[in-house]
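J.: Following this line is query.tsv, made up of TSV, C-alpha atoms:
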```tsv
chain	number	residue	atom	x	y	z
Y	12	MET	CA	0.00	0.00	0.00
Y	13	GLU	CA	1.28	3.46	-0.84
Y	14	LYS	CA	2.85	5.75	1.70
Y	15	ILE	CA	0.68	8.61	2.91
Y	16	SER	CA	2.04	12.11	3.14
Y	17	LEU	CA	0.74	14.74	5.56
Y	18	ASN	CA	1.47	18.40	6.20
Y	19	PRO	CA	1.37	19.69	9.78
Y	20	ILE	CA	-1.30	22.38	10.27
Y	21	GLY	CA	0.17	23.80	13.46
Y	22	ILE	CA	2.55	23.43	16.35
Y	23	VAL	CA	2.29	23.00	20.14
Y	24	HIS	CA	3.70	25.42	22.69
Y	25	SER	CA	3.96	23.56	25.96
Y	26	PRO	CA	5.39	23.96	29.45
Y	27	PHE	CA	7.03	20.58	28.78
Y	28	LYS	CA	10.20	20.95	26.77
Y	29	GLU	CA	11.31	17.31	26.71
Y	30	PRO	CA	9.57	13.91	26.89
Y	31	VAL	CA	10.90	13.32	30.41
Y	32	GLY	CA	8.31	14.54	32.92
Y	33	VAL	CA	5.54	15.12	30.39
Y	34	PRO	CA	2.11	13.95	31.58
Y	35	LYS	CA	1.40	10.45	30.34
Y	36	ASP	CA	-2.03	11.43	29.10
Y	37	SER	CA	-4.35	14.42	29.13
Y	38	THR	CA	-5.97	13.30	32.41
Y	39	ASP	CA	-2.57	13.18	34.07
Y	40	GLY	CA	-1.87	16.61	32.57
Y	41	MET	CA	-5.25	18.12	33.30
Y	42	ASP	CA	-3.86	20.95	35.39
Y	43	TYR	CA	-1.38	22.05	32.72
Y	44	GLN	CA	-2.10	24.63	30.08
Y	45	GLY	CA	-0.48	25.37	26.77
Y	46	THR	CA	-1.30	26.59	23.28
Y	47	ILE	CA	-1.66	25.24	19.79
Y	48	GLU	CA	-0.58	27.65	17.09
Y	49	ILE	CA	-2.48	26.96	13.88
Y	50	PHE	CA	-0.49	28.09	10.85
Y	51	SER	CA	-1.95	31.15	9.11
Y	52	GLU	CA	-3.00	29.32	5.94
Y	53	TYR	CA	-5.31	27.01	7.92
Y	54	ARG	CA	-6.87	29.49	10.35
Y	55	ASP	CA	-10.10	30.00	8.40
Y	56	GLY	CA	-10.88	26.39	9.29
Y	57	LEU	CA	-11.18	27.34	12.99
Y	58	LYS	CA	-14.53	29.12	12.47
Y	59	ASP	CA	-17.18	27.85	14.93
Y	60	LEU	CA	-14.70	25.72	16.88
Y	61	ASP	CA	-15.04	28.06	19.88
Y	62	GLY	CA	-18.50	26.64	20.60
Y	63	PHE	CA	-16.94	23.34	21.65
Y	64	SER	CA	-15.62	22.86	25.16
Y	65	HIS	CA	-13.30	19.98	24.22
Y	66	ILE	CA	-11.36	19.07	21.11
Y	67	LEU	CA	-9.61	16.03	19.72
Y	68	VAL	CA	-6.01	16.81	18.88
Y	69	LEU	CA	-4.15	14.56	16.45
Y	70	PHE	CA	-0.44	15.13	16.63
Y	71	TYR	CA	2.89	13.65	15.60
Y	72	PHE	CA	5.24	12.10	18.19
Y	73	HIS	CA	8.21	13.93	16.64
Y	74	LYS	CA	10.63	12.73	19.34
Y	75	SER	CA	9.89	9.06	18.66
Y	76	GLU	CA	12.82	7.51	16.86
Y	77	TYR	CA	11.81	3.88	16.83
Y	78	SER	CA	8.70	1.73	16.99
Y	79	HIS	CA	8.12	-1.58	18.72
Y	80	LEU	CA	5.22	-4.01	18.34
Y	81	ILE	CA	5.62	-5.15	21.95
Y	82	VAL	CA	6.07	-2.50	24.67
Y	83	LYS	CA	6.05	-2.18	28.44
Y	84	PRO	CA	3.46	0.52	29.20
Y	85	TYR	CA	4.05	2.95	32.05
Y	86	LEU	CA	1.00	1.63	33.94
Y	87	ASP	CA	2.10	-1.98	33.87
Y	88	ASP	CA	4.99	-4.39	34.39
Y	89	HIS	CA	3.97	-6.74	31.60
Y	90	LEU	CA	4.80	-6.60	27.93
Y	91	ARG	CA	1.78	-5.61	25.83
Y	92	GLY	CA	0.99	-5.31	22.14
Y	93	VAL	CA	1.59	-1.71	21.11
Y	94	PHE	CA	-1.95	-1.32	19.70
Y	95	ALA	CA	-3.29	-2.17	23.18
Y	96	THR	CA	-1.33	0.81	24.58
Y	97	ARG	CA	-0.94	4.52	23.96
Y	98	SER	CA	2.85	4.26	23.61
Y	99	PRO	CA	4.50	6.84	21.32
Y	100	HIS	CA	6.75	4.11	19.89
Y	101	ARG	CA	4.12	2.79	17.45
Y	102	PRO	CA	4.32	1.98	13.75
Y	103	ASN	CA	2.92	5.40	12.82
Y	104	PHE	CA	3.88	8.09	15.33
Y	105	ILE	CA	0.37	9.53	15.68
Y	106	GLY	CA	-0.88	10.69	19.06
Y	107	LEU	CA	-4.42	11.55	20.09
Y	108	SER	CA	-5.52	13.65	23.06
Y	109	VAL	CA	-8.81	15.07	24.23
Y	110	VAL	CA	-8.16	18.52	25.71
Y	111	GLU	CA	-10.29	21.34	27.04
Y	112	LEU	CA	-10.49	24.35	24.73
Y	113	LEU	CA	-10.29	27.47	26.90
Y	114	GLU	CA	-10.18	30.18	24.25
Y	115	ILE	CA	-9.29	30.85	20.65
Y	116	ASP	CA	-7.27	34.01	20.05
Y	117	GLY	CA	-6.67	34.46	16.33
Y	118	GLY	CA	-4.90	31.29	15.34
Y	119	ILE	CA	-3.90	30.39	18.88
Y	120	LEU	CA	-5.89	27.73	20.75
Y	121	HIS	CA	-5.48	27.96	24.52
Y	122	ILE	CA	-5.89	24.44	25.90
Y	123	LYS	CA	-5.98	22.71	29.25
Y	124	GLY	CA	-4.97	19.11	29.86
Y	125	ILE	CA	-1.84	19.24	27.72
Y	126	ASP	CA	0.25	16.08	27.40
Y	127	MET	CA	2.31	17.15	24.39
Y	128	ILE	CA	5.78	18.63	24.38
Y	129	GLU	CA	7.05	21.90	22.91
Y	130	GLY	CA	7.26	21.81	19.13
Y	131	THR	CA	4.88	18.90	18.59
Y	132	PRO	CA	3.48	19.07	15.03
Y	133	ILE	CA	-0.33	19.12	14.85
Y	134	LEU	CA	-1.99	17.00	12.15
Y	135	ASP	CA	-5.67	17.70	12.76
Y	136	ILE	CA	-8.18	19.25	15.14
Y	137	LYS	CA	-11.68	17.78	15.45
Y	138	PRO	CA	-14.58	18.73	17.71
Y	139	TYR	CA	-15.09	16.33	20.60
Y	140	ILE	CA	-18.65	15.01	20.28
Y	141	PRO	CA	-19.75	12.64	23.08
Y	142	GLU	CA	-22.36	11.00	20.84
Y	143	PHE	CA	-19.61	9.95	18.43
Y	144	ASP	CA	-16.60	9.58	20.69
Y	145	SER	CA	-17.95	8.19	23.92
Y	146	ASN	CA	-19.49	4.87	24.82
Y	147	GLU	CA	-21.03	2.87	27.63
Y	148	GLY	CA	-20.43	-0.71	28.66
Y	149	ILE	CA	-16.69	-0.36	28.22
Y	150	ARG	CA	-14.06	-2.97	29.07
Y	151	ILE	CA	-10.46	-1.80	29.31
Y	152	GLY	CA	-8.51	-5.04	29.35
Y	153	TRP	CA	-5.10	-4.98	31.04
Y	154	LEU	CA	-5.76	-1.43	32.31
Y	155	GLU	CA	-8.61	-2.57	34.56
Y	156	GLY	CA	-7.89	-1.42	38.11
Y	157	LYS	CA	-4.79	0.54	37.11
Y	158	ILE	CA	-6.42	3.92	36.38
A	289	MET	CA	7.56	22.32	8.66
A	290	GLU	CA	8.54	19.04	7.04
A	291	LYS	CA	6.07	16.67	5.49
A	292	ILE	CA	5.24	13.57	7.51
A	293	SER	CA	5.18	10.17	5.89
A	294	LEU	CA	3.07	7.26	7.15
A	295	ASN	CA	2.64	3.63	6.17
A	296	PRO	CA	-0.81	2.04	6.44
A	297	ILE	CA	-0.87	-0.86	8.92
A	298	GLY	CA	-4.05	-2.43	7.57
A	299	ILE	CA	-7.15	-2.10	5.45
A	300	VAL	CA	-10.92	-2.00	6.02
A	301	HIS	CA	-13.39	-4.51	4.62
A	302	SER	CA	-16.80	-2.91	4.76
A	303	PRO	CA	-20.35	-3.48	3.57
A	304	PHE	CA	-20.08	0.06	2.16
A	305	LYS	CA	-18.31	0.09	-1.18
A	306	GLU	CA	-18.61	3.80	-1.99
A	307	PRO	CA	-18.88	7.05	0.04
A	308	VAL	CA	-22.55	7.45	-0.98
A	309	GLY	CA	-24.74	5.84	1.69
A	310	VAL	CA	-21.96	5.25	4.20
A	311	PRO	CA	-22.96	6.05	7.80
A	312	LYS	CA	-21.95	9.59	8.70
A	313	ASP	CA	-20.37	8.44	11.93
A	314	SER	CA	-19.98	5.29	14.00
A	315	THR	CA	-23.20	6.02	15.94
A	316	ASP	CA	-25.14	6.27	12.69
A	317	GLY	CA	-23.44	3.04	11.60
A	318	MET	CA	-23.77	1.23	14.90
A	319	ASP	CA	-25.75	-1.65	13.44
A	320	TYR	CA	-23.21	-2.34	10.70
A	321	GLN	CA	-20.33	-4.76	11.01
A	322	GLY	CA	-17.12	-5.09	9.09
A	323	THR	CA	-13.50	-6.09	9.54
A	324	ILE	CA	-10.10	-4.50	9.75
A	325	GLU	CA	-7.31	-6.61	8.28
A	326	ILE	CA	-4.02	-5.80	9.99
A	327	PHE	CA	-1.09	-6.53	7.69
A	328	SER	CA	0.98	-9.55	8.77
A	329	GLU	CA	4.08	-7.55	9.71
A	330	TYR	CA	2.12	-5.58	12.34
A	331	ARG	CA	0.03	-8.37	13.89
A	332	ASP	CA	2.27	-8.95	16.92
A	333	GLY	CA	1.17	-5.48	18.04
A	334	LEU	CA	-2.41	-6.76	18.53
A	335	LYS	CA	-1.49	-8.73	21.66
A	336	ASP	CA	-3.80	-7.86	24.61
A	337	LEU	CA	-6.11	-5.72	22.46
A	338	ASP	CA	-8.88	-8.32	22.81
A	339	GLY	CA	-9.42	-7.21	26.44
A	340	PHE	CA	-10.84	-3.90	25.22
A	341	SER	CA	-14.48	-3.61	24.22
A	342	HIS	CA	-13.95	-0.51	22.07
A	343	ILE	CA	-11.08	0.78	19.98
A	344	LEU	CA	-10.07	4.06	18.40
A	345	VAL	CA	-9.46	3.62	14.69
A	346	LEU	CA	-7.38	6.19	12.84
A	347	PHE	CA	-7.82	5.90	9.11
A	348	TYR	CA	-7.16	7.70	5.86
A	349	PHE	CA	-10.05	9.18	3.84
A	350	HIS	CA	-8.62	7.74	0.63
A	351	LYS	CA	-11.57	8.88	-1.48
A	352	SER	CA	-11.12	12.53	-0.50
A	353	GLU	CA	-9.69	14.45	-3.43
A	354	TYR	CA	-9.84	17.98	-2.13
A	355	SER	CA	-9.92	19.87	1.15
A	356	HIS	CA	-11.82	22.98	2.12
A	357	LEU	CA	-11.40	25.20	5.16
A	358	ILE	CA	-15.11	26.07	5.14
A	359	VAL	CA	-17.65	23.26	4.65
A	360	LYS	CA	-21.37	22.64	4.94
A	361	PRO	CA	-21.73	19.69	7.34
A	362	TYR	CA	-24.43	17.11	6.78
A	363	LEU	CA	-26.15	18.02	10.06
A	364	ASP	CA	-26.44	21.71	9.26
A	365	ASP	CA	-27.39	24.28	6.61
A	366	HIS	CA	-24.69	26.77	7.61
A	367	LEU	CA	-21.09	26.98	6.51
A	368	ARG	CA	-18.68	25.93	9.28
A	369	GLY	CA	-14.94	25.88	9.76
A	370	VAL	CA	-13.68	22.42	8.80
A	371	PHE	CA	-11.96	21.89	12.18
A	372	ALA	CA	-15.38	22.35	13.85
A	373	THR	CA	-16.70	19.44	11.76
A	374	ARG	CA	-15.84	15.80	11.04
A	375	SER	CA	-15.83	16.38	7.26
A	376	PRO	CA	-13.48	14.14	5.23
A	377	HIS	CA	-12.46	17.13	3.11
A	378	ARG	CA	-9.93	18.42	5.64
A	379	PRO	CA	-6.30	19.55	5.24
A	380	ASN	CA	-5.02	16.11	6.29
A	381	PHE	CA	-7.40	13.32	5.30
A	382	ILE	CA	-7.35	11.59	8.69
A	383	GLY	CA	-10.53	10.08	10.11
A	384	LEU	CA	-11.20	8.87	13.62
A	385	SER	CA	-13.91	6.47	14.77
A	386	VAL	CA	-14.68	4.71	18.02
A	387	VAL	CA	-15.96	1.22	17.20
A	388	GLU	CA	-16.90	-1.86	19.18
A	389	LEU	CA	-14.36	-4.67	18.96
A	390	LEU	CA	-16.30	-7.94	18.68
A	391	GLU	CA	-13.48	-10.41	18.14
A	392	ILE	CA	-9.91	-10.73	16.93
A	393	ASP	CA	-9.26	-13.67	14.63
A	394	GLY	CA	-5.57	-13.77	13.73
A	395	GLY	CA	-4.96	-10.40	12.16
A	396	ILE	CA	-8.64	-9.71	11.49
A	397	LEU	CA	-10.52	-7.36	13.82
A	398	HIS	CA	-14.29	-7.86	13.67
A	399	ILE	CA	-15.88	-4.53	14.47
A	400	LYS	CA	-19.34	-3.07	14.95
A	401	GLY	CA	-20.28	0.55	14.28
A	402	ILE	CA	-18.40	0.80	11.01
A	403	ASP	CA	-18.50	4.12	9.16
A	404	MET	CA	-15.58	3.47	6.81
A	405	ILE	CA	-15.74	2.25	3.24
A	406	GLU	CA	-14.14	-0.78	1.60
A	407	GLY	CA	-10.41	-0.38	1.10
A	408	THR	CA	-9.90	2.38	3.66
A	409	PRO	CA	-6.24	2.41	4.79
A	410	ILE	CA	-5.74	2.08	8.55
A	411	LEU	CA	-3.08	4.27	10.18
A	412	ASP	CA	-3.34	3.25	13.81
A	413	ILE	CA	-5.39	1.34	16.37
A	414	LYS	CA	-5.53	2.51	19.99
A	415	PRO	CA	-7.47	1.16	22.96
A	416	TYR	CA	-10.48	3.27	23.88
A	417	ILE	CA	-9.98	4.36	27.50
A	418	PRO	CA	-12.85	6.40	28.99
A	419	GLU	CA	-10.54	8.04	31.54
A	420	PHE	CA	-8.44	9.47	28.70
A	421	ASP	CA	-10.96	9.87	25.91
A	422	SER	CA	-14.16	10.89	27.62
A	423	ASN	CA	-15.18	14.03	29.50
A	424	GLU	CA	-18.00	15.66	31.39
A	425	GLY	CA	-19.35	19.19	31.17
A	426	ILE	CA	-19.18	19.15	27.39
A	427	ARG	CA	-20.46	21.87	25.05
A	428	ILE	CA	-20.88	20.94	21.39
A	429	GLY	CA	-21.32	24.34	19.72
A	430	TRP	CA	-23.26	24.39	16.45
A	431	LEU	CA	-24.21	20.71	16.91
A	432	GLU	CA	-26.32	21.43	19.99
A	433	GLY	CA	-29.81	20.06	19.46
A	434	LYS	CA	-28.90	18.43	16.14
A	435	ILE	CA	-27.78	15.02	17.44
```
Using the file provided, produce a representation of the structure as structure tokens.

T.:
Amino acid sequence: MEKISLNPIGIVHSPFKEPVGVPKDSTDGMDYQGTIEIFSEYRDGLKDLDGFSHILVLFYFHKSEYSHLIVKPYLDDHLRGVFATRSPHRPNFIGLSVVELLEIDGGILHIKGIDMIEGTPILDIKPYIPEFDSNEGIRIGWLEGKI
Amino acid sequence: MEKISLNPIGIVHSPFKEPVGVPKDSTDGMDYQGTIEIFSEYRDGLKDLDGFSHILVLFYFHKSEYSHLIVKPYLDDHLRGVFATRSPHRPNFIGLSVVELLEIDGGILHIKGIDMIEGTPILDIKPYIPEFDSNEGIRIGWLEGKI
């Protein structure tokens, strides 16, 4: 199958400058704020986004240098399949976080719950819609009892 | 910023062969089942995924041929910024669905709630974790009252 090529639409400005010490997920980082700078050529696409309290942020783990199919997640002592984890060392270095959208100022999104580091390239922003993105009757496998 | 290059890890087999008639989201498509075939070289990464009832599927809108910053979403008569919608005609053609994982058979994921068409390239699979991916006190902007 052909390779897929993407262009970043923006960049993260974060209190976290390096992967060490960064919150492991947006819940862990819920007290931390940062910004997403959307590049000028994409800003018209932000219209109406300010009505949403939360957004889905798709980003690129630009500090990942390798991928493994089996990883030891930070919440566990066992080796797990990478697709059963949120490890950054995955076949495609795509990350996903749900963050609170505090304010949009021009092309700058002020967010809360940041778990991305400074300079992270942004691939997409989508509105968080509970009817689409949330479910009941959930089982969470190896994570049960750990979060 | 540099382009980002990704390799699909799998492909969708769907009852929907063309974009016309495909469910608009995984809630709309909740009665429909299909499969995701993970390519053999990535299958070791599926270990432990069967403990999760729902998964996040990141895919490529391979039938999208253009992107717009302003779109008219299917649930509305007004023009909206593309990042405030789930339109496939976005700057990077990445789609995201939460689907129910029924069974894993070798490298084949049997899923329910499919809103992807036949041949859709898969970029990533992540476990759906309510603590990370779900929130309370949500506002949904222009979608309020429409879903």

J.: Each residue of chain A with at least one atom at most 7 Å from chain Y should appear once, together with its nearest atom pair and the corresponding distance in Å (one decimal); atoms considered: only C-alpha atoms; ordering: chain, then increasing residue number; output as CSV.

T.:
```
residue,atom,partner,partner_atom,distance
A:Met289,CA,Y:Pro19,CA,6.8
A:Lys291,CA,Y:Asn18,CA,5.0
A:Ile292,CA,Y:Leu17,CA,5.0
A:Ser293,CA,Y:Ser16,CA,4.6
A:Leu294,CA,Y:Ile15,CA,5.1
A:Asn295,CA,Y:Lys14,CA,5.0
A:Pro296,CA,Y:Met12,CA,6.8
A:Asp313,CA,Y:Phe143,CA,6.7
A:Ser314,CA,Y:Phe143,CA,6.4
A:Thr315,CA,Y:Phe143,CA,5.9
A:Tyr330,CA,Y:Leu80,CA,6.9
A:Asp332,CA,Y:Leu80,CA,5.9
A:Gly333,CA,Y:Gly92,CA,4.1
A:Leu334,CA,Y:Gly92,CA,5.2
A:Lys335,CA,Y:Gly92,CA,4.3
A:Asp336,CA,Y:Ala95,CA,5.9
A:Leu337,CA,Y:Ala95,CA,4.6
A:Gly339,CA,Y:Gly152,CA,3.7
A:Phe340,CA,Y:Ile151,CA,4.6
A:Ser341,CA,Y:Arg150,CA,4.9
A:His342,CA,Y:Ile149,CA,6.7
A:Leu357,CA,Y:Gly56,CA,4.3
A:Ile358,CA,Y:Gly56,CA,5.9
A:Arg368,CA,Y:Lys58,CA,6.1
A:Gly369,CA,Y:Gly56,CA,4.1
A:Val370,CA,Y:Gly56,CA,4.9
A:Phe371,CA,Y:Lys137,CA,5.3
A:Ala372,CA,Y:Leu60,CA,4.6
A:Thr373,CA,Y:Pro138,CA,6.4
A:Arg374,CA,Y:Lys137,CA,6.4
A:Asn380,CA,Y:Leu17,CA,6.0
A:Val386,CA,Y:Asp144,CA,5.9
A:Leu411,CA,Y:Asn103,CA,6.7
A:Asp412,CA,Y:Asn103,CA,6.7
A:Ile413,CA,Y:Phe94,CA,5.5
A:Lys414,CA,Y:Phe94,CA,5.3
A:Pro415,CA,Y:Ala95,CA,5.3
A:Ile417,CA,Y:Ile151,CA,6.4
A:Phe420,CA,Y:Thr38,CA,5.9
A:Asp421,CA,Y:Val109,CA,5.9
A:Ser422,CA,Y:Ser145,CA,5.9
A:Ile426,CA,Y:Ser64,CA,5.6
A:Arg427,CA,Y:Ser64,CA,4.9
A:Ile428,CA,Y:Phe63,CA,4.6
A:Gly429,CA,Y:Gly62,CA,3.7
A:Trp430,CA,Y:Gly62,CA,6.7
```

J.: Which distance in Å separates CA of His121 in chain Y and CA of Phe70 in chain Y, to one decimal?

T.: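 Straight-line distance from CA of His121 in chain Y to CA of Phe70 in chain Y works out to 15.9 Å.
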
J.: Quick one: distance from CA of Asp42 in chain Y to CA of Lys83 in chain Y in Å, one decimal?

T.: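 Interatomic distance, CA of Asp42 in chain Y to CA of Lys83 in chain Y: 26.1 Å.
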
J.: So which one's closest to Leu390 in chain A, A:Phe304, A:Glu353, A:Phe327, A:Gly322? Using only C-alpha atoms, please.

T.: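 For Leu390 in chain A, the nearest of the candidates is A:Gly322.
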
J.: Taking only C-alpha atoms into account, which of Y:Ser75, Y:Ile133, Y:Lys123, Y:His89 comes nearest Pro26 in chain Y?

T.: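 Answer, going by the shortest atom-to-atom distance: Y:Lys123.
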
J.: Draw an axis-aligned box tight on the listed atoms of range 353-372 of chain A, then pad every side by 8 Å and write out centre and edge lengths in Å to one decimal as JSON.

T.:
```
{"center_x": -18.5, "center_y": 20.7, "center_z": 5.2, "size_x": 33.7, "size_y": 28.5, "size_z": 33.3}
```

J.: Enter the distance from CA of Met41 in chain Y to CA of Lys157 in chain Y, in Å, rounded to one decimal.

T.: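 Interatomic distance here is 18.0 Å.
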